[in-house]
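One structure is given below, encoded as structure tokens.
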Amino acid sequence: MPNASASSRAEGLGVWALLTLLATASWSCSIGATYWPSDEDLAAFEAAGPIEPEFDASRLLPGLPNAGPYRVATGDILAVTGSDVFLGVGVGGGAVRSGPSPAPGPEILEARVHPDGALTLPLVGAVEVVGLTLPEIEDLLVERLHPEFVVDQPSLVVRVSEHATRKVAVLGAVERPGVLSLPSDSMTLVSALTAAGGILKASNLKVGAKRIRLHRPGEEREENLLLPVRGLNIPFGDVALEGGETIEVERWDPDIFTVIGLVTTPGAYEYPPNREYNLMEALAIAGGTDRIADPPYATVYRKDVDGQILAVTFPLEGADLIESSLVRIRPGDVISVQHTLGSWSRTLLAEVLRLQVNLFVDPIRGN
């Protein structure tokens, strides 16, 4: 029966033989790491990338409602030309039906539309004008004057000398967020966004917002609106505002790239909008590759415009390392650093060595 010492020596020799085999395999698998993707693979890889949302102005304009004639709103100041008729003098030679004939009045009479929607003028009194067009108001005033107050039909011209303003709050991803005063003829969502300087732009995104939340005063529910984006079937129609609305332009989620596999801290990392990373910088952000495994390759996965996943492998050592360091990483890329036979052998070798140290070194017994 073999003694314990001989058995221990045999076990040790077997372990060292295994270590020698693993070391040789690890060294041999590290030779010739000079792989470089073909020109065709690189061309397809460079042409691919994240599908960047891009504002589609050609679809926005048809989505705007037909402006049509302006309709008067409360608070507007209306100017009536030919207003001497309201002081009892006929216009264009017309005669007053009754009462004295005072001196001619001003050619233009201005009056503000009251909160109840009425415009108050001499002779005709209060006239409901809110929601009417200017020609409709002209016809209405003429009907009130002729033939009750003047013999001949008067000629009147009504225009808006000053539009009333309404306040709306525009928050979020716009150039100039804040409380804005919009004239009554521009009370629409697009006008509010334009007055706020437009939606934010960023170098990695051509549209800085994905959703608009519209909250109307006195209403608990919010309206969620999506902007038209090139390549996506998102309908859009401008929205009328009344005043007092809060418009929140929601930003796109931050861009990220992901590193998995044999790195110190795998995970998803934010890609700042004004920054551009190469492959080696992206790996460094993830803490660098595993020092023991020393993986020789990294594979970058990227989606093209057709939704296909492209995978291109780049060397992390050898003569092509400099070229690899120039590979640009884009938002949405996934970098995978996986085992090869060599890296697996090195990892196993290190693990066996660690186990052997624990086996042969006993701090209590001193052997």
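All residue names refer to the structure tokens as shown: chains lettered A, B, ... in order, residues numbered from 1 in each chain, ligands numbered from 1 in order.
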
Residues of range 253-304 of chain A that have any atom at most 10 Å from an atom of range 329-332 of chain A: could you tabulate them with the shortest-distance atom pair and the distance in Å to one decimal, using only C-alpha atoms, ordered by chain and increasing number, as JSON lines?
```
{"residue": "A:Pro254", "atom": "CA", "partner": "A:Pro331", "partner_atom": "CA", "distance": 9.3}
{"residue": "A:Asp255", "atom": "CA", "partner": "A:Pro331", "partner_atom": "CA", "distance": 5.5}
{"residue": "A:Ile256", "atom": "CA", "partner": "A:Pro331", "partner_atom": "CA", "distance": 5.4}
{"residue": "A:Phe257", "atom": "CA", "partner": "A:Gly332", "partner_atom": "CA", "distance": 5.0}
{"residue": "A:Thr258", "atom": "CA", "partner": "A:Gly332", "partner_atom": "CA", "distance": 7.4}
{"residue": "A:Ala268", "atom": "CA", "partner": "A:Gly332", "partner_atom": "CA", "distance": 9.6}
{"residue": "A:Tyr269", "atom": "CA", "partner": "A:Pro331", "partner_atom": "CA", "distance": 9.7}
{"residue": "A:Glu270", "atom": "CA", "partner": "A:Pro331", "partner_atom": "CA", "distance": 8.6}
{"residue": "A:Tyr271", "atom": "CA", "partner": "A:Pro331", "partner_atom": "CA", "distance": 6.3}
{"residue": "A:Pro272", "atom": "CA", "partner": "A:Pro331", "partner_atom": "CA", "distance": 9.1}
{"residue": "A:Pro273", "atom": "CA", "partner": "A:Pro331", "partner_atom": "CA", "distance": 9.3}
{"residue": "A:Glu276", "atom": "CA", "partner": "A:Ile329", "partner_atom": "CA", "distance": 7.3}
{"residue": "A:Tyr277", "atom": "CA", "partner": "A:Ile329", "partner_atom": "CA", "distance": 5.6}
{"residue": "A:Asn278", "atom": "CA", "partner": "A:Ile329", "partner_atom": "CA", "distance": 5.2}
{"residue": "A:Leu279", "atom": "CA", "partner": "A:Ile329", "partner_atom": "CA", "distance": 5.9}
{"residue": "A:Met280", "atom": "CA", "partner": "A:Ile329", "partner_atom": "CA", "distance": 9.4}
{"residue": "A:Glu281", "atom": "CA", "partner": "A:Ile329", "partner_atom": "CA", "distance": 9.0}
{"residue": "A:Ala282", "atom": "CA", "partner": "A:Ile329", "partner_atom": "CA", "distance": 7.5}
{"residue": "A:Val300", "atom": "CA", "partner": "A:Ile329", "partner_atom": "CA", "distance": 8.4}
{"residue": "A:Tyr301", "atom": "CA", "partner": "A:Gly332", "partner_atom": "CA", "distance": 8.9}
{"residue": "A:Arg302", "atom": "CA", "partner": "A:Gly332", "partner_atom": "CA", "distance": 7.2}
{"residue": "A:Lys303", "atom": "CA", "partner": "A:Gly332", "partner_atom": "CA", "distance": 8.1}
```

(message) From the options A:Phe314, A:Glu138, A:Val151, A:Leu189, which residue's atoms come nearest to Leu42 in chain A, counting only C-alpha atoms?
(response) A:Phe314

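For range 76-78 of chain A, the list of residues within 8 Å, based on only C-alpha atoms and with local chain neighbours fewer than 3 positions off taken out, reads Val72, Ala73, Glu110, Ala111, Arg112, Val113, Val158, Arg159, Val160, Ser161, Glu162, His163, Ala164 and Ser184 of chain A.
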
(message) Considering only alpha helix (DSSP H) as DSSP defines it on the backbone, what residues of range 132-327 of chain A qualify? List them as a PyMOL selection string.
(response) chain A and resi 134-145+189-195+279-285+321-325

Selection above as a file: N, CA and C atoms, as an mmCIF file, in the first residue's frame:
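Generated output (out38.cif):
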```cif
data_model
loop_
_atom_site.group_PDB
_atom_site.id
_atom_site.type_symbol
_atom_site.label_atom_id
_atom_site.label_comp_id
_atom_site.auth_asym_id
_atom_site.auth_seq_id
_atom_site.Cartn_x
_atom_site.Cartn_y
_atom_site.Cartn_z
ATOM 1 N N LEU A 134 -64.064 88.607 -39.413
ATOM 2 C CA LEU A 134 -64.185 90.062 -39.584
ATOM 3 C C LEU A 134 -65.256 90.429 -40.616
ATOM 4 N N PRO A 135 -65.338 89.750 -41.781
ATOM 5 C CA PRO A 135 -66.448 90.073 -42.699
ATOM 6 C C PRO A 135 -67.823 89.824 -42.085
ATOM 7 N N GLU A 136 -67.931 88.781 -41.258
ATOM 8 C CA GLU A 136 -69.215 88.515 -40.605
ATOM 9 C C GLU A 136 -69.586 89.635 -39.639
ATOM 10 N N ILE A 137 -68.582 90.191 -38.936
ATOM 11 C CA ILE A 137 -68.854 91.301 -38.018
ATOM 12 C C ILE A 137 -69.268 92.544 -38.805
ATOM 13 N N GLU A 138 -68.607 92.771 -39.935
ATOM 14 C CA GLU A 138 -68.987 93.909 -40.784
ATOM 15 C C GLU A 138 -70.447 93.795 -41.211
ATOM 16 N N ASP A 139 -70.845 92.629 -41.670
ATOM 17 C CA ASP A 139 -72.233 92.431 -42.104
ATOM 18 C C ASP A 139 -73.201 92.618 -40.938
ATOM 19 N N LEU A 140 -72.806 92.118 -39.756
ATOM 20 C CA LEU A 140 -73.686 92.230 -38.596
ATOM 21 C C LEU A 140 -73.890 93.691 -38.205
ATOM 22 N N LEU A 141 -72.828 94.486 -38.232
ATOM 23 C CA LEU A 141 -72.938 95.902 -37.874
ATOM 24 C C LEU A 141 -73.791 96.660 -38.899
ATOM 25 N N VAL A 142 -73.596 96.335 -40.171
ATOM 26 C CA VAL A 142 -74.390 96.996 -41.198
ATOM 27 C C VAL A 142 -75.868 96.678 -40.998
ATOM 28 N N GLU A 143 -76.190 95.434 -40.665
ATOM 29 C CA GLU A 143 -77.585 95.052 -40.426
ATOM 30 C C GLU A 143 -78.179 95.809 -39.241
ATOM 31 N N ARG A 144 -77.359 96.034 -38.217
ATOM 32 C CA ARG A 144 -77.856 96.764 -37.044
ATOM 33 C C ARG A 144 -78.101 98.251 -37.366
ATOM 34 N N LEU A 145 -77.294 98.806 -38.289
ATOM 35 C CA LEU A 145 -77.397 100.228 -38.598
ATOM 36 C C LEU A 145 -78.452 100.535 -39.667
ATOM 37 N N LEU A 189 -50.659 74.479 -30.501
ATOM 38 C CA LEU A 189 -49.502 73.800 -29.941
ATOM 39 C C LEU A 189 -48.224 74.131 -30.719
ATOM 40 N N VAL A 190 -48.288 74.090 -32.039
ATOM 41 C CA VAL A 190 -47.098 74.377 -32.842
ATOM 42 C C VAL A 190 -46.624 75.802 -32.619
ATOM 43 N N SER A 191 -47.548 76.741 -32.515
ATOM 44 C CA SER A 191 -47.164 78.132 -32.260
ATOM 45 C C SER A 191 -46.476 78.266 -30.906
ATOM 46 N N ALA A 192 -46.971 77.536 -29.900
ATOM 47 C CA ALA A 192 -46.355 77.585 -28.574
ATOM 48 C C ALA A 192 -44.940 77.016 -28.609
ATOM 49 N N LEU A 193 -44.751 75.893 -29.301
ATOM 50 C CA LEU A 193 -43.419 75.305 -29.407
ATOM 51 C C LEU A 193 -42.476 76.229 -30.167
ATOM 52 N N THR A 194 -42.977 76.884 -31.200
ATOM 53 C CA THR A 194 -42.161 77.818 -31.958
ATOM 54 C C THR A 194 -41.754 79.008 -31.104
ATOM 55 N N ALA A 195 -42.693 79.540 -30.321
ATOM 56 C CA ALA A 195 -42.387 80.666 -29.448
ATOM 57 C C ALA A 195 -41.368 80.293 -28.380
ATOM 58 N N LEU A 279 -13.678 52.053 -29.467
ATOM 59 C CA LEU A 279 -13.826 50.745 -28.831
ATOM 60 C C LEU A 279 -13.023 50.649 -27.547
ATOM 61 N N MET A 280 -11.775 51.107 -27.570
ATOM 62 C CA MET A 280 -10.927 50.975 -26.385
ATOM 63 C C MET A 280 -11.431 51.870 -25.253
ATOM 64 N N GLU A 281 -11.961 53.057 -25.578
ATOM 65 C CA GLU A 281 -12.512 53.929 -24.536
ATOM 66 C C GLU A 281 -13.749 53.294 -23.912
ATOM 67 N N ALA A 282 -14.585 52.671 -24.734
ATOM 68 C CA ALA A 282 -15.784 52.029 -24.200
ATOM 69 C C ALA A 282 -15.420 50.890 -23.252
ATOM 70 N N LEU A 283 -14.397 50.109 -23.620
ATOM 71 C CA LEU A 283 -13.955 49.034 -22.738
ATOM 72 C C LEU A 283 -13.358 49.596 -21.451
ATOM 73 N N ALA A 284 -12.642 50.714 -21.555
ATOM 74 C CA ALA A 284 -12.066 51.326 -20.360
ATOM 75 C C ALA A 284 -13.150 51.823 -19.421
ATOM 76 N N ILE A 285 -14.233 52.351 -19.962
ATOM 77 C CA ILE A 285 -15.342 52.806 -19.125
ATOM 78 C C ILE A 285 -15.930 51.634 -18.342
ATOM 79 N N LEU A 321 -4.164 46.129 -33.121
ATOM 80 C CA LEU A 321 -4.714 46.806 -31.950
ATOM 81 C C LEU A 321 -4.923 48.294 -32.214
ATOM 82 N N ILE A 322 -3.976 48.915 -32.923
ATOM 83 C CA ILE A 322 -4.104 50.353 -33.205
ATOM 84 C C ILE A 322 -5.345 50.611 -34.046
ATOM 85 N N GLU A 323 -5.590 49.759 -35.048
ATOM 86 C CA GLU A 323 -6.773 49.915 -35.877
ATOM 87 C C GLU A 323 -8.044 49.752 -35.044
ATOM 88 N N SER A 324 -8.023 48.791 -34.139
ATOM 89 C CA SER A 324 -9.196 48.552 -33.296
ATOM 90 C C SER A 324 -9.495 49.763 -32.414
ATOM 91 N N SER A 325 -8.452 50.434 -31.971
ATOM 92 C CA SER A 325 -8.657 51.580 -31.086
ATOM 93 C C SER A 325 -9.378 52.721 -31.794
#
```

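Here CA of His215 in chain A and CA of Glu245 in chain A stand 5.6 Å from one another.
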
(request) Compile the contact shell of His114 in chain A as a PyMOL selection string: residues with an atom at most 10 Å away, counting only C-alpha atoms, same-chain residues fewer than 3 positions apart removed. (result) chain A and resi 73-77+111+117-120+126+128-130

(request) Skip Gly244 in chain A itself and residues of its chain fewer than 4 positions away, then list as a VMD selection string all residues within 6 Å of it, counting only C-alpha atoms. (result) chain A and resid 167 to 168 217

Keeping only N, CA and C atoms, take the residues you just selected and write them out as a PDB file, in the first residue's frame.
```
ATOM      1  N   LYS A 167     -51.711  83.180 -21.794  1.00  0.00           N
ATOM      2  CA  LYS A 167     -50.475  82.612 -21.247  1.00  0.00           C
ATOM      3  C   LYS A 167     -50.538  81.093 -21.251  1.00  0.00           C
ATOM      4  N   VAL A 168     -49.445  80.482 -21.696  1.00  0.00           N
ATOM      5  CA  VAL A 168     -49.276  79.032 -21.621  1.00  0.00           C
ATOM      6  C   VAL A 168     -47.871  78.756 -21.097  1.00  0.00           C
ATOM      7  N   PRO A 217     -56.177  73.460 -18.095  1.00  0.00           N
ATOM      8  CA  PRO A 217     -56.657  73.858 -16.763  1.00  0.00           C
ATOM      9  C   PRO A 217     -58.031  73.270 -16.460  1.00  0.00           C
TER      10      PRO A 217
END
```

(request) Fewer than 4 positions away in the same chain doesn't count, so skip those; otherwise give me all residues within 7 Å of Leu156 in chain A, counting only C-alpha atoms, as a PyMOL selection string. (result) chain A and resi 80-82+138

(message) I'd like to know which of A:Gly172, A:Thr133, A:Gly261, A:Leu310 is closest to Ile199 in chain A, using only C-alpha atoms.
(response) A:Gly172
